[in-house]
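Engineer: Handing over model_8.txt, compact mmCIF, C-alpha atoms.
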# COMPACT_ATOMS: atom_id res chain seq x y z
CA MET A 1 43.69 141.99 59.03
CA THR A 2 47.35 142.79 59.60
CA LEU A 3 49.24 145.13 57.28
CA ALA A 4 51.28 142.17 55.96
CA ALA A 5 48.10 140.28 55.07
CA ARG A 6 46.68 143.38 53.41
CA LEU A 7 49.86 143.77 51.34
CA ILE A 8 49.60 140.19 50.12
CA VAL A 9 45.90 140.65 49.21
CA ILE A 10 46.76 143.86 47.31
CA ALA A 11 49.54 142.00 45.50
CA ALA A 12 47.20 139.16 44.55
CA VAL A 13 44.59 141.59 43.21
CA VAL A 14 47.23 143.47 41.20
CA ALA A 15 48.47 140.14 39.78
CA LEU A 16 44.96 139.13 38.76
CA LEU A 17 44.33 142.51 37.14
CA ALA A 18 47.66 142.35 35.36
CA ASN A 19 46.86 138.94 33.94
CA ALA A 20 43.27 139.77 33.05
CA GLY A 21 42.92 140.22 29.33
CA CYS A 22 46.55 139.32 28.60
CA ALA A 23 46.48 137.68 25.19
CA THR A 24 49.59 135.67 24.37
CA VAL A 25 51.97 137.89 22.43
CA GLN A 26 53.68 135.78 19.80
CA PRO A 27 57.48 135.84 19.56
CA TRP A 28 57.37 137.66 16.20
CA GLU A 29 55.23 140.38 17.84
CA ARG A 30 57.85 141.13 20.47
CA GLY A 31 60.08 143.46 18.49
CA THR A 32 59.15 146.47 20.63
CA LEU A 33 59.61 144.47 23.83
CA ALA A 34 63.12 143.59 22.68
CA LYS A 35 64.25 147.21 22.39
CA PRO A 36 66.99 148.19 24.88
CA VAL A 37 64.64 150.73 26.49
CA MET A 38 62.28 147.85 27.34
CA ALA A 39 64.79 145.86 29.39
CA MET A 40 63.17 145.14 32.76
CA GLU A 41 66.58 144.94 34.40
CA GLU A 42 69.00 147.79 35.02
CA PRO A 43 72.67 146.82 34.63
CA ALA A 44 73.50 144.30 37.38
CA HIS A 45 76.21 146.36 39.11
CA GLU A 46 74.07 149.52 39.20
CA THR A 47 71.14 147.57 40.62
CA ALA A 48 73.26 145.87 43.28
CA GLN A 49 74.92 149.10 44.41
CA LYS A 50 71.67 151.05 44.59
CA LEU A 51 69.87 148.30 46.51
CA ARG A 52 72.74 148.13 48.96
CA THR A 53 72.59 151.90 49.46
CA TYR A 54 68.83 151.82 50.08
CA SER A 55 69.26 148.88 52.46
CA ALA A 56 71.98 150.69 54.43
CA LYS A 57 70.21 154.07 54.62
CA GLU A 58 66.53 153.16 54.94
CA GLY A 59 64.58 151.08 57.44
CA GLY A 60 62.06 149.66 54.97
CA ALA A 61 62.38 146.82 52.49
CA ALA A 62 61.53 145.97 48.89
CA ALA A 63 60.95 142.67 47.08
CA THR A 64 64.04 142.66 44.89
CA GLY A 65 65.22 139.05 44.88
CA VAL A 66 67.48 136.99 47.07
CA GLY A 67 71.24 136.97 47.44
CA GLY A 68 73.86 139.28 48.92
CA GLY A 69 75.25 139.38 52.40
CA GLY A 70 74.97 142.05 55.06
CA CYS A 71 77.49 144.77 55.83
CA GLY A 72 78.41 147.01 58.71
CA CYS A 73 77.33 150.06 56.72
CA ASN A 74 76.73 153.19 58.79
CA MET B 1 68.00 135.25 0.71
CA GLY B 2 69.41 138.54 1.97
CA ALA B 3 71.63 138.69 5.03
CA ILE B 4 70.01 139.60 8.32
CA SER B 5 71.50 142.76 9.83
CA PRO B 6 73.30 142.30 13.16
CA ARG B 7 70.80 144.66 14.81
CA LEU B 8 67.76 142.70 13.56
CA ALA B 9 69.42 139.47 14.60
CA ALA B 10 70.04 140.89 18.06
CA LEU B 11 66.45 142.08 18.42
CA THR B 12 65.10 138.73 17.25
CA ALA B 13 67.33 136.81 19.64
CA ALA B 14 66.30 139.07 22.50
CA ALA B 15 62.63 138.78 21.59
CA MET B 16 62.78 134.99 21.54
CA ALA B 17 64.32 135.06 25.00
CA LEU B 18 61.65 137.28 26.54
CA PRO B 19 60.59 137.65 29.24
CA GLY B 20 63.63 136.14 30.92
CA VAL B 21 63.93 139.44 32.64
CA HIS B 22 63.37 138.80 36.27
CA ALA B 23 65.55 140.19 39.02
CA ARG B 24 68.97 138.60 39.26
CA ALA B 25 68.20 136.42 36.24
CA ALA B 26 69.24 138.87 33.54
CA ASP B 27 72.34 136.88 32.68
CA ALA B 28 70.40 134.04 31.07
CA PRO B 29 72.21 132.41 28.14
CA GLY B 30 71.54 134.44 25.03
CA GLU B 31 73.23 136.36 22.31
CA HIS B 32 76.42 137.03 24.31
CA PRO B 33 77.18 134.09 26.59
CA TRP B 34 80.54 135.50 27.77
CA GLY B 35 80.49 138.68 29.82
CA VAL B 36 82.79 140.84 31.93
CA ASP B 37 81.68 143.97 33.84
CA ALA B 38 83.91 146.39 35.76
CA THR B 39 82.54 149.26 37.84
CA HIS B 40 83.90 152.13 39.90
CA LEU B 41 81.49 153.94 42.21
CA GLU B 42 81.83 157.06 44.36
CA TYR B 43 79.35 157.56 47.22
CA SER B 44 79.31 160.58 49.52
CA GLU B 45 77.09 162.26 52.10
CA SER B 46 76.64 165.93 52.94
CA GLY B 47 78.19 167.41 56.09
CA ASN B 48 81.51 165.59 55.66
CA ARG B 49 79.90 162.28 56.61
CA MET B 50 80.55 158.89 55.02
CA ARG B 51 82.45 158.57 51.78
CA VAL B 52 82.69 155.18 50.03
CA ARG B 53 84.70 154.17 46.99
CA VAL B 54 83.66 150.87 45.42
CA ASN B 55 85.41 148.74 42.83
CA GLN B 56 83.43 145.81 41.45
CA ALA B 57 84.20 143.23 38.75
CA SER B 58 82.16 140.26 37.59
CA ALA B 59 82.34 137.61 34.89
CA VAL B 60 79.94 135.12 33.30
CA VAL B 61 81.35 132.07 31.53
CA PRO B 62 79.27 129.47 29.66
CA ILE B 63 79.87 125.76 30.12
CA GLY B 64 78.25 124.10 27.14
CA GLU B 65 74.82 125.33 26.12
CA SER B 66 73.01 124.72 29.40
CA PHE B 67 75.35 125.85 32.15
CA GLN B 68 76.89 129.12 33.28
CA LEU B 69 79.47 129.96 35.92
CA LYS B 70 79.46 133.42 37.50
CA ALA B 71 81.97 135.20 39.72
CA ASN B 72 81.76 138.60 41.35
CA GLY B 73 84.20 140.60 43.49
CA ILE B 74 83.75 143.88 45.37
CA GLN B 75 86.07 146.13 47.35
CA ASP B 76 84.71 149.05 49.42
CA LEU B 77 86.91 151.75 50.94
CA MET B 78 84.89 153.62 53.56
CA SER B 79 85.86 156.73 55.51
CA GLY B 80 84.25 159.68 57.25
CA ALA B 81 81.91 160.44 60.11
CA SER B 82 78.69 158.73 61.15
CA PRO B 83 75.91 159.76 63.58
CA VAL B 84 76.20 158.12 67.03
CA PHE B 85 73.39 159.65 69.10
CA ASN B 86 71.27 162.78 69.54
CA ALA B 87 71.62 165.25 72.40
CA PRO B 88 69.83 168.42 73.55
CA GLY B 89 71.39 171.40 71.83
CA PRO B 90 71.21 175.17 72.30
CA GLY B 91 67.67 176.42 72.70
CA GLY B 92 66.36 172.95 73.42
CA LYS B 93 66.84 171.87 69.80
CA THR B 94 67.95 168.26 69.35
CA GLN B 95 71.26 167.86 67.53
CA GLN B 96 73.29 164.97 66.17
CA VAL B 97 76.60 163.85 67.66
CA LEU B 98 78.94 162.28 65.08
CA THR B 99 81.90 159.91 65.37
CA GLY B 100 84.34 162.42 63.98
CA ALA B 101 86.09 161.79 60.67
CA SER B 102 88.17 158.88 61.91
CA VAL B 103 86.06 155.93 60.72
CA PHE B 104 87.88 153.84 58.13
CA ASP B 105 87.14 150.36 56.87
CA ASN B 106 88.03 148.16 53.94
CA ARG B 107 85.37 145.66 52.93
CA LYS B 108 86.06 142.79 50.57
CA ALA B 109 83.21 140.68 49.24
CA GLY B 110 82.74 138.07 46.57
CA ASP B 111 80.41 135.40 45.33
CA ILE B 112 80.42 132.54 42.87
CA GLY B 113 77.43 130.95 41.23
CA ALA B 114 76.30 128.32 38.77
CA SER B 115 73.19 128.27 36.61
CA ALA B 116 71.62 125.36 34.79
CA SER B 117 68.98 125.76 32.09
CA ILE B 118 66.78 122.80 31.21
CA GLY B 119 64.02 123.59 28.77
CA ASP B 120 61.94 126.42 30.21
CA ASN B 121 63.50 126.02 33.65
CA GLN B 122 66.53 127.72 35.13
CA LEU B 123 68.16 127.00 38.47
CA THR B 124 70.87 129.20 40.04
CA LEU B 125 72.94 128.48 43.12
CA ARG B 126 75.17 131.20 44.60
CA GLN B 127 77.60 131.29 47.50
CA GLY B 128 78.96 134.58 48.84
CA TRP B 129 81.31 136.01 51.43
CA SER B 130 81.95 139.48 52.84
CA LYS B 131 84.58 140.65 55.32
CA GLU B 132 85.45 143.96 56.92
CA ASN B 133 87.09 144.85 60.24
CA ASP B 134 83.90 144.64 62.29
CA TYR B 135 81.51 142.62 60.11
CA LYS B 136 81.65 139.31 58.31
CA SER B 137 78.97 137.55 56.30
CA THR B 138 78.53 134.19 54.61
CA TRP B 139 75.46 133.59 52.47
CA THR B 140 73.89 131.06 50.14
CA SER B 141 71.01 131.53 47.71
CA LEU B 142 69.00 129.23 45.49
CA GLU B 143 66.73 130.58 42.75
CA GLY B 144 64.42 128.81 40.34
CA LYS B 145 62.72 130.24 37.30
CA ARG B 146 60.21 128.81 34.83
CA ASP B 147 58.68 130.23 31.65
CA PHE B 148 55.04 129.59 30.75
CA ASN B 149 52.67 130.44 27.90
CA ARG B 150 55.34 130.64 25.19
CA LYS B 151 57.47 132.78 27.49
CA SER B 152 54.69 135.28 28.10
CA THR B 153 54.90 134.55 31.82
CA THR B 154 57.91 133.89 34.00
CA LEU B 155 57.62 132.61 37.52
CA ALA B 156 60.58 133.00 39.89
CA VAL B 157 61.12 131.73 43.42
CA GLY B 158 64.16 132.06 45.64
CA PHE B 159 65.56 131.38 49.08
CA ALA B 160 68.63 132.82 50.75
CA PHE B 161 70.33 132.21 54.07
CA SER B 162 72.99 134.48 55.55
CA ASN B 163 75.06 134.02 58.68
CA ASP B 164 76.70 137.26 59.79
CA GLY B 165 79.07 138.21 62.60
CA VAL B 166 79.02 141.70 64.10
CA SER B 167 81.80 143.19 66.24
CA SER B 168 83.08 146.69 66.96
CA HIS B 169 86.38 148.55 67.11
CA ASP B 170 86.26 148.33 70.92
CA ALA B 171 86.08 144.51 70.86
CA PRO B 172 87.18 143.49 67.35
CA ASP B 173 87.29 139.75 68.09
CA ASP B 174 83.91 139.58 69.83
CA PHE B 175 81.66 138.66 66.90
CA ARG B 176 78.00 138.28 67.70
CA THR B 177 75.76 136.25 65.37
CA ARG B 178 73.02 137.58 63.11
CA ILE B 179 71.01 135.13 60.96
CA LYS B 180 68.74 136.10 58.08
CA ARG B 181 66.47 134.03 55.85
CA ASP B 182 64.85 135.44 52.71
CA PHE B 183 61.93 133.95 50.79
CA PHE B 184 61.13 135.45 47.41
CA GLY B 185 58.47 134.91 44.76
CA GLY B 186 57.78 136.87 41.61
CA VAL B 187 55.95 136.76 38.31
CA THR B 188 56.75 138.67 35.13
CA GLN B 189 53.98 138.99 32.56
CA ILE B 190 53.87 140.35 29.02
CA ILE B 191 50.67 142.40 28.96
CA ASP B 192 50.66 143.31 25.28
CA GLU B 193 53.08 144.05 22.44
CA ARG B 194 54.62 146.97 24.31
CA SER B 195 53.99 146.50 28.04
CA LEU B 196 55.39 144.31 30.81
CA VAL B 197 54.55 144.00 34.48
CA GLU B 198 56.42 142.29 37.28
CA LEU B 199 55.02 141.53 40.72
CA SER B 200 57.28 140.36 43.55
CA VAL B 201 56.78 139.42 47.19
CA GLU B 202 59.56 138.91 49.72
CA TYR B 203 59.56 137.82 53.34
CA SER B 204 62.61 138.02 55.58
CA TYR B 205 63.15 136.68 59.07
CA SER B 206 66.21 137.78 61.03
CA ASN B 207 67.28 136.87 64.52
CA GLY B 208 70.29 137.24 66.78
CA PHE B 209 72.20 140.45 67.45
CA LEU B 210 70.32 143.03 65.37
CA SER B 211 71.53 146.12 67.27
CA ASP B 212 74.19 148.54 66.00
CA PRO B 213 77.29 148.37 68.24
CA TYR B 214 78.28 151.95 67.35
CA LYS B 215 74.97 153.64 68.14
CA LEU B 216 74.04 155.09 71.52
CA VAL B 217 70.93 156.67 72.98
CA PHE B 218 70.87 159.74 75.22
CA VAL B 219 68.74 159.45 78.36
CA GLN B 220 68.15 162.77 80.13
CA SER B 221 68.14 161.20 83.59
CA ALA B 222 70.74 158.47 83.07
CA GLY B 223 73.27 159.49 80.42
CA LEU B 224 74.22 157.27 77.49
CA LEU B 225 73.02 153.70 76.83
CA ARG B 226 73.94 151.30 74.05
CA ASP B 227 71.55 150.82 71.11
CA ALA B 228 69.35 147.76 71.84
CA ARG B 229 66.87 146.31 69.35
CA PRO B 230 64.55 143.31 69.51
CA GLY B 231 66.27 140.01 68.69
CA ARG B 232 63.80 139.06 65.97
CA ARG B 233 62.68 140.92 62.88
CA ARG B 234 60.09 139.89 60.31
CA GLN B 235 59.79 141.99 57.16
CA THR B 236 57.29 141.62 54.33
CA ALA B 237 57.56 143.57 51.09
CA VAL B 238 55.65 143.79 47.83
CA THR B 239 57.07 145.40 44.69
CA VAL B 240 55.30 146.07 41.39
CA LYS B 241 57.17 147.16 38.29
CA TYR B 242 55.44 148.35 35.12
CA LEU B 243 57.24 149.16 31.89
CA THR B 244 55.59 150.43 28.73
CA TYR B 245 56.74 151.77 25.37
CA VAL B 246 55.10 155.00 24.20
CA PRO B 247 55.38 155.38 20.41
CA ALA B 248 54.38 159.06 20.46
CA ILE B 249 57.62 159.94 22.27
CA ASP B 250 59.63 156.94 21.01
CA SER B 251 60.53 156.20 24.63
CA SER B 252 59.68 153.85 27.44
CA LEU B 253 58.24 154.82 30.81
CA GLN B 254 58.86 152.74 33.92
CA ALA B 255 57.15 152.83 37.32
CA VAL B 256 58.30 150.83 40.34
CA GLY B 257 56.27 150.85 43.55
CA SER B 258 57.08 149.09 46.83
CA LEU B 259 55.35 148.69 50.17
CA SER B 260 56.83 147.02 53.24
CA THR B 261 55.97 146.35 56.83
CA ASP B 262 57.77 144.74 59.78
CA ASN B 263 57.23 143.74 63.38
CA TRP B 264 59.34 146.69 64.59
CA GLY B 265 56.57 149.04 63.48
CA ILE B 266 58.31 150.41 60.39
CA GLY B 267 56.04 150.76 57.38
CA SER B 268 57.55 152.06 54.17
CA GLY B 269 56.56 153.02 50.65
CA ALA B 270 58.61 153.89 47.59
CA LEU B 271 57.76 155.07 44.09
CA GLU B 272 60.26 155.42 41.27
CA LEU B 273 59.47 156.80 37.83
CA GLN B 274 61.89 156.67 34.89
CA TRP B 275 61.97 157.73 31.26
CA LYS B 276 64.28 155.85 28.86
CA LYS B 277 65.11 156.75 25.30
CA GLU B 278 67.40 155.49 22.56
CA LEU B 279 69.27 158.13 20.59
CA PRO B 280 71.06 157.82 17.25
CA GLY B 281 74.61 156.51 17.48
CA GLU B 282 73.86 153.65 19.91
CA TRP B 283 73.18 155.95 22.87
CA LEU B 284 70.61 155.20 25.57
CA VAL B 285 69.64 157.83 28.14
CA ASN B 286 67.45 157.58 31.21
CA ALA B 287 66.19 160.04 33.81
CA GLY B 288 63.78 159.80 36.68
CA ALA B 289 62.87 160.43 40.27
CA ARG B 290 62.41 158.35 43.42
CA TYR B 291 60.21 159.11 46.41
CA TYR B 292 60.55 157.15 49.65
CA THR B 293 58.78 157.41 52.99
CA GLN B 294 58.75 155.42 56.23
CA SER B 295 57.31 155.54 59.73
CA SER B 296 59.55 155.19 62.77
CA ALA B 297 60.16 151.98 64.71
CA ASP B 298 57.97 151.52 67.79
CA PHE B 299 61.00 151.71 70.09
CA TYR B 300 62.67 154.67 68.36
CA ALA B 301 63.03 158.07 69.99
CA PRO B 302 65.44 160.91 69.12
CA LEU B 303 66.33 161.01 72.83
CA TYR B 304 64.75 159.74 76.03
CA LEU B 305 63.74 161.72 79.13
CA THR B 306 63.56 158.65 81.39
CA PRO B 307 65.23 155.23 81.11
CA PRO B 308 63.55 153.36 78.19
CA GLY B 309 62.46 149.74 77.99
CA ASP B 310 64.63 146.84 76.81
CA ALA B 311 64.39 147.95 73.17
CA HIS B 312 65.60 151.48 72.40
CA SER B 313 67.35 153.18 69.52
CA SER B 314 67.98 156.67 68.18
CA ASP B 315 69.43 155.38 64.89
CA TYR B 316 68.47 157.88 62.17
CA ARG B 317 67.55 154.94 59.89
CA LEU B 318 64.81 153.79 62.26
CA ALA B 319 63.30 157.29 62.47
CA GLY B 320 60.31 158.50 60.51
CA PHE B 321 61.48 160.30 57.37
CA GLY B 322 61.06 160.59 53.65
CA SER B 323 63.30 161.41 50.74
CA ILE B 324 63.11 162.67 47.19
CA GLY B 325 65.86 161.94 44.73
CA TRP B 326 66.76 162.18 41.08
CA ILE B 327 68.19 159.46 38.86
CA ALA B 328 70.10 159.85 35.59
CA GLY B 329 72.14 157.64 33.32
CA VAL B 330 73.65 157.28 29.87
CA THR B 331 74.91 154.19 28.07
CA LYS B 332 77.01 154.21 24.91
CA GLN B 333 77.52 151.08 22.81
CA LEU B 334 81.11 151.60 21.70
CA THR B 335 81.36 148.49 19.51
CA PRO B 336 79.18 145.36 19.20
CA ASN B 337 81.21 143.91 22.09
CA PHE B 338 81.92 146.88 24.36
CA SER B 339 79.77 149.48 26.10
CA VAL B 340 80.23 152.10 28.78
CA GLN B 341 77.58 153.22 31.25
CA ILE B 342 77.50 156.24 33.56
CA ALA B 343 74.81 156.48 36.25
CA ALA B 344 74.02 158.89 39.06
CA GLU B 345 71.51 159.22 41.86
CA ARG B 346 71.15 161.92 44.50
CA SER B 347 68.70 161.73 47.41
CA TYR B 348 67.46 164.47 49.76
CA ARG B 349 66.20 163.24 53.14
CA ARG B 350 63.58 165.24 55.05
CA ALA B 351 61.93 164.40 58.40
CA GLY B 352 58.83 166.27 57.25
CA LEU B 353 58.22 163.67 54.53
CA ARG B 354 57.72 160.81 57.02
CA SER B 355 54.60 158.67 56.79
CA GLY B 356 54.21 158.39 60.57
CA GLY B 357 55.92 158.30 63.93
CA THR B 358 58.80 160.48 65.05
CA GLY B 359 61.57 162.13 63.08
CA ILE B 360 63.82 165.14 63.56
CA ASP B 361 65.25 167.74 61.20
CA ALA B 362 68.74 167.20 62.67
CA ASP B 363 68.84 163.88 60.75
CA ASN B 364 68.27 165.56 57.36
CA TYR B 365 71.12 165.07 54.91
CA ILE B 366 71.88 164.39 51.25
CA TRP B 367 73.59 161.38 49.71
CA GLY B 368 74.78 160.90 46.16
CA LEU B 369 76.31 158.09 44.14
CA TYR B 370 78.03 158.19 40.78
CA LEU B 371 79.24 155.12 38.92
CA VAL B 372 80.88 154.16 35.66
CA THR B 373 80.72 150.62 34.26
CA LEU B 374 82.56 149.04 31.35
CA GLN B 375 80.87 146.01 29.83
CA ALA B 376 82.32 143.42 27.46
CA ARG B 377 80.20 140.74 25.77
CA PHE B 378 81.49 137.98 23.49
Please render this file's structure as structure tokens.
Structural biologist:
Amino acid sequence: MTLAARLIVIAAVVALLANAGCATVQPWERGTLAKPVMAMEEPAHETAQKLRTYSAKEGGAAATGVGGGGCGCN
Amino acid sequence: MGAISPRLAALTAAAMALPGVHARAADAPGEHPWGVDATHLEYSESGNRMRVRVNQASAVVPIGESFQLKANGIQDLMSGASPVFNAPGPGGKTQQVLTGASVFDNRKAGDIGASASIGDNQLTLRQGWSKENDYKSTWTSLEGKRDFNRKSTTLAVGFAFSNDGVSSHDAPDDFRTRIKRDFFGGVTQIIDERSLVELSVEYSYSNGFLSDPYKLVFVQSAGLLRDARPGRRRQTAVTVKYLTYVPAIDSSLQAVGSLSTDNWGIGSGALELQWKKELPGEWLVNAGARYYTQSSADFYAPLYLTPPGDAHSSDYRLAGFGSIGWIAGVTKQLTPNFSVQIAAERSYRRAGLRSGGTGIDADNYIWGLYLVTLQARF
């Protein structure tokens, strides 16, 4: 099995584990999830600039969403 | 009936919108449909290498209740020195050869986008451009998002296509084509009343001129050759993000892990941990650390004793290395409509932290970035 295939299998297992036992949390039970410290997203500009820095300075990749062109960054 | 406080109203509105929190989808219609962000960033590297100053501004404007228009503009001012190749140094120790401090470029980039929300579905189309002296890029992306299970689960898929042109100072009008296609899928799940998880997978396929026109390789028996990389690259990455609130410390803890692999032989892993806490007076602070490691590309070597094959590169970014960095930030809500955010990250690269392959200490360096953002929401 290639490394890519293994990564996808690991991801699928993690997804299944994450979903296992997840009871639906009702909207009125989401007060804690709505706190600012529970925002899944960093501010958009900070995220974009950091991802661009990682992309320019590292040879690996991350699954961070689509969009954004290349640059001649050295 | 008593009036609802603005803070409770905000929390309720945010809770009802959860978990519309996936990457690049954070601007979903909500409490503040109008938004303007302005950022200034300073980036620098140790050893008098690259220095970049970035100015970025973006705006989100609602059209009715179901549509949004978005615009974003960026200007980068880059200067400083950059590694070109490695050569044998005194005592047989390999050393870097830099460009000198003469590199200067001015990059201008922008994108516009439109989002439509229909029930539990959201569709976003974006078109972007980027131009600098020796690089130009045009890209298009399409993203779809759907909420399930009373918004306990969000599924996101996306596709992007970019068409880039690469030239060099020596031949500024000789642009060579580089094409990239990105396929993305992700799911965000509420686990319980204080935990969220997000799992994302991305596959990229690039072809065309993928070499760096400014990089050279040193061959002991033949002198200098131009950097030459395979004309096709396939990258696969998986990222998992877990965020949980810990009542005992009245804070949240976040972990982000990524693994990637490609057909050039580079395998990478990253782990980022962050602590986030609200403080009285509408302050929010965060601090954390990031660890990254990669193996070298199959065709990478710091320098070559004999003429290499068709693919060869000594680019420090294709070497085996690792890095450890710290992250810090603070956000202050000035008024209900305005906030200011300061963020910093500093990363220390070390060849000894590589996960495999070849890397050299001469490539070790430190980079840091510091940014300030003003946000307005109406």
Engineer: Wanna dump the segment 146-202 of chain B-segment 28-50 of chain A contacts at 10 Å for me, each residue with its shortest atom pair and the distance in Å to one decimal, counting all atoms listed in the file, ordered by chain and number, as a Markdown table?
Structural biologist:
| residue | atom | partner | partner_atom | distance |
| --- | --- | --- | --- | --- |
| B:Thr188 | CA | A:Met40 | CA | 9.4 |
| B:Ile190 | CA | A:Leu33 | CA | 8.8 |
| B:Asp192 | CA | A:Arg30 | CA | 8.9 |
| B:Glu193 | CA | A:Arg30 | CA | 5.9 |
| B:Arg194 | CA | A:Leu33 | CA | 5.6 |
| B:Ser195 | CA | A:Leu33 | CA | 7.3 |
| B:Leu196 | CA | A:Met40 | CA | 8.1 |
| B:Val197 | CA | A:Met40 | CA | 8.9 |
| B:Glu198 | CA | A:Met40 | CA | 8.6 |
Engineer: Taking only C-alpha atoms into account, which of B:Met78, B:Ala376, B:Leu284, B:Leu224 comes nearest Thr335 of chain B?
Structural biologist: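 Nearest to Thr335 of chain B: B:Ala376.
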Engineer: Within 6 Å of chain B, which residues of chain A are there when counting only C-alpha atoms? Please give them as a compact mmCIF listing (two decimals) with C-alpha atoms, in the frame of the given file.
Structural biologist:
# COMPACT_ATOMS: atom_id res chain seq x y z
CA CYS A 22 46.55 139.32 28.60
CA PRO A 27 57.48 135.84 19.56
CA ARG A 30 57.85 141.13 20.47
CA THR A 32 59.15 146.47 20.63
CA LEU A 33 59.61 144.47 23.83
CA ALA A 34 63.12 143.59 22.68
CA VAL A 37 64.64 150.73 26.49
CA MET A 40 63.17 145.14 32.76
CA LYS A 57 70.21 154.07 54.62
CA GLU A 58 66.53 153.16 54.94
CA GLY A 59 64.58 151.08 57.44
CA GLY A 60 62.06 149.66 54.97
CA ALA A 61 62.38 146.82 52.49
CA ALA A 62 61.53 145.97 48.89
CA ALA A 63 60.95 142.67 47.08
CA GLY A 65 65.22 139.05 44.88
CA VAL A 66 67.48 136.99 47.07
CA GLY A 67 71.24 136.97 47.44
CA GLY A 69 75.25 139.38 52.40
CA GLY A 72 78.41 147.01 58.71
Engineer: Between atom CA of Asn86 of chain B and atom CA of Leu210 of chain B, what distance in Å does the model show, to one decimal?
Structural biologist: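 Going from atom CA of Asn86 of chain B over to atom CA of Leu210 of chain B, I get 20.2 Å.
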Engineer: By how many Å are atom CA of Phe338 of chain B and atom CA of Ile74 of chain B apart?
Structural biologist: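 Those two atoms sit 21.3 Å apart.
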Engineer: Kindly give the distance, in Å, that separates atom CA of Arg233 of chain B and atom CA of Ser211 of chain B, rounded to a single decimal.
Structural biologist: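 Taking atom CA of Arg233 of chain B and atom CA of Ser211 of chain B, their separation equals 11.2 Å.
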Engineer: Axis-aligned box over every listed atom of segment 258-261 of chain B, padded by 3 Å per side: centre and edges in Å to one decimal, as AutoDock Vina command-line options?
Structural biologist:
--center_x 56.2 --center_y 147.7 --center_z 51.8 --size_x 7.7 --size_y 8.7 --size_z 16.0
Engineer: Give as a ChimeraX atom specification each residue that has an atom at most 8 Å from (87.3, 136.9, 32.0) in the file, counting only C-alpha atoms.
Structural biologist: /B:35-36,59-61
